[in-house]
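Chemist: Input: one structure, supplied below.
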Amino acid sequence: MFDMFRNIIRNLKFGPKTRKYPFEKRPTFENARGGLKGIDAEKCIYCGICAKNCPANAIEVDRTTKEWKLNIGKCIICNICVEACPKDCIYMSKNYRKPSPTVGRNVLVIKQEPKEEQAEAVED
Ligand code: SF4
Ligand code: SF4
């Protein structure tokens with residue numbers, strides 16, 4: 001009985017220790033691994049090292065079409081690809097993704113836009 005009153009007085013003074021989830025969400029920690037955000041398509045050299053090191057086979061890299069593909073459903077958010085990338089162009093987000101009901105929406109495709117041809121024909 002005495003413990004209960006002590007708790008009531010403490011809660012009235014300092015507020016409850018719990019949150020009213022989902023209305024009040026805890027901010028994610030600074031170094032949390034929420035999921036892969038993607039790559040910087042301009043910095044990427046499409047070497048495929050990230051795909052070779054991925055333990056879940058979640059990444060596909062096509063060097064010829066300059067396309068980088070991530071199957072988010074397969075990714076176990078281990079961070080190995082981020083550490084292995086020689087160009088530091090894969091980014092991890094601290095925010096967690098919402099679950100997706102379909103497989104197709106679980107694939108993130110990033111493609112480098114072809115650069116405009118700057119060379120012009122020179123006439124003699
Ligand atoms: S390791 Fe980095 S540079 Fe190489 S393909 Fe992956 S993201 Fe691009
Ligand atoms: S975080 Fe891990 S599982 Fe996800 S794509 Fe990178 S290496 Fe693969």
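Residue numbering restarts at 1 in every chain; chains get A, B, ... in the order shown in the structure tokens, and ligands count up from 1 in that same order.
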Name all residues at most 8 Å from Tyr96 in chain A (count only C-alpha atoms; drop same-chain ones fewer than 3 positions away) and give them as JSON, numbers by chain.
Modeler: {"A": [33, 34, 35, 93]}
Chemist: Emit the selected residues as a short mmCIF file (atom, residue, chain, number, x, y, z; two decimals), in the first residue's frame, including C-alpha atoms.
Modeler:
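Saved file result_15.cif follows:
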```
data_model
loop_
_atom_site.label_atom_id
_atom_site.label_comp_id
_atom_site.auth_asym_id
_atom_site.auth_seq_id
_atom_site.Cartn_x
_atom_site.Cartn_y
_atom_site.Cartn_z
CA ARG A 33 20.71 0.93 -38.65
CA GLY A 34 17.22 1.46 -39.98
CA GLY A 35 17.87 0.37 -43.55
CA SER A 93 19.56 5.52 -42.78
#
```
Chemist: List all protein, DNA and RNA residues that have any atom at most 6 Å from ligand 2, counting only C-alpha atoms and all ligand atoms, and write the list as a list in words.
Modeler: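 Listed by chain and ascending number, the contacts are Cys54, Pro55, Ala56, Ala58, Ile59, Cys75, Ile76, Ile77, Cys78, Asn79, Ile80 and Cys81 of chain A.
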Chemist: Could you write out, as number ranges by chain, all the residues of chain A that DSSP marks as helix (DSSP H, G or I)?
Modeler: A: 2-14, 49-53, 80-84, 104-106
Chemist: Residues within 7 Å of ligand 1, counting only C-alpha atoms and all ligand atoms: report them as a ChimeraX atom specification.
Modeler: /A:39,43-51,61,81,84-90
Chemist: Which residue, A:Lys37, A:Lys111, A:Arg26, A:Lys69, has the smallest gap to Tyr91 in chain A when you use only C-alpha atoms?
Modeler: A:Lys37
Chemist: Pick out the residues sitting within 7 Å of Thr28 in chain A, and hand them over as number ranges by chain; count only C-alpha atoms, and ignore anything fewer than 4 positions along from it in its own chain.
Modeler: A: 32, 94-95
